[in-house]
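*Asks:* Pasting in a structure now, in C-alpha cells, and then I'll have a few things to ask.
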Amino acid sequence: MSRILKRTGLPEARDFPADFSGLAKVIVGQQLSAQSAAAIWARLAAAIAPLTAETLAAASDVRLQSLGLSTGKIRTLRALSRAVLEDGLDFEHLARAENETIVERLTAIHGIGPWTADIFLLFCLRRRDAFAPGDLALQLAVQHHFKLERRPTAEELARIAERWRPARAVAARLLWADYAEARRALLGKAKKALAQKTAKALD
C-alpha cells in the first residue's frame, strides 16, 4: 500500500451524499464504466432536481429512459423509491446502523446486490472498514499485486482483504487508484504503438 501511495499519490475522494440521491447515484453506476455512469448521472441530476424518492416516483419511464437509464435501472430506482415512501426506509436511521445491518436492509430491495450496498458504505457513509469484494477493478488489482494465476472471486478477495482491517476502505481506495493508473499507462502505450505503426505505414 505504501508503494501504491508513492506511485499514485493520495486517491481522489469519491464521496456521495448519504441519502436517497447518493444511493441512486451508486445504482446508476452499476455495471457501467465511470465515464458512462457520470454522463447518465449528470443528465438525471439536472433533469430531476432535487432527486428524491418523491420526484423519482413522479417521473415517467419514458422520461427516465430518455436520460439514458436502462429498464433494469429504472426498476431498481422505483423499488428504492417504494422502500422509502411505502416501507419506511429512513437514511438518517440507516446511517447509524452496523455495516452488516445496512447491507441486509439494502439487498432486500429489488435490484440492489452486495456490490451496491458495499459501495454505499464506502462512498456515501464513508465507513473506514468497508470493502467491496465483488468489485471487478479491486479483484483485478489484487490479482496483479499478489501475482495470482486468476482473478479472485468475491469470497476469495474478502478473505484476502482481512489483512487490511480495520481500514479496508483505505486499501480499496488505493487499489482503485492504482488500477486506474495502470489502465492509463496501458492506454498510453497502445496509443504510442498505434502512432508509430501509422507513421511507419505512411513513410
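Ligands are numbered from 1 in the order shown, residues from 1 within each chain, and chains are lettered A, B, ... in the order they appear in the C-alpha cells.
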Quick one: residues within 7 Å of region 52-55 of chain A, only C-alpha atoms counted, chain neighbours fewer than 5 positions away excluded, as a PyMOL selection string?
*Replies:* chain A and resi 20-21+81+84-85
*Asks:* Which of these residues is nearest to Ala172 (chain A), using only C-alpha atoms: A:Arg7, A:Arg14, A:His110, A:Arg75?
*Replies:*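 That would be A:Arg14, the residue with the smallest distance to Ala172 (chain A).
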*Asks:* I'd like the contact shell of Leu94 (chain A) - 10 Å cut-off, only C-alpha atoms, skipping same-chain residues fewer than 5 positions apart - returned as number ranges by chain.
*Replies:* A: 18-19, 89, 99, 101-102, 105-106, 125
*Asks:* A:Ala59, A:Glu100, A:Thr116, A:Lys6: which is nearest Val28 (chain A), counting only C-alpha atoms?
*Replies:*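 Smallest separation from Val28 (chain A) among the options: A:Thr116.
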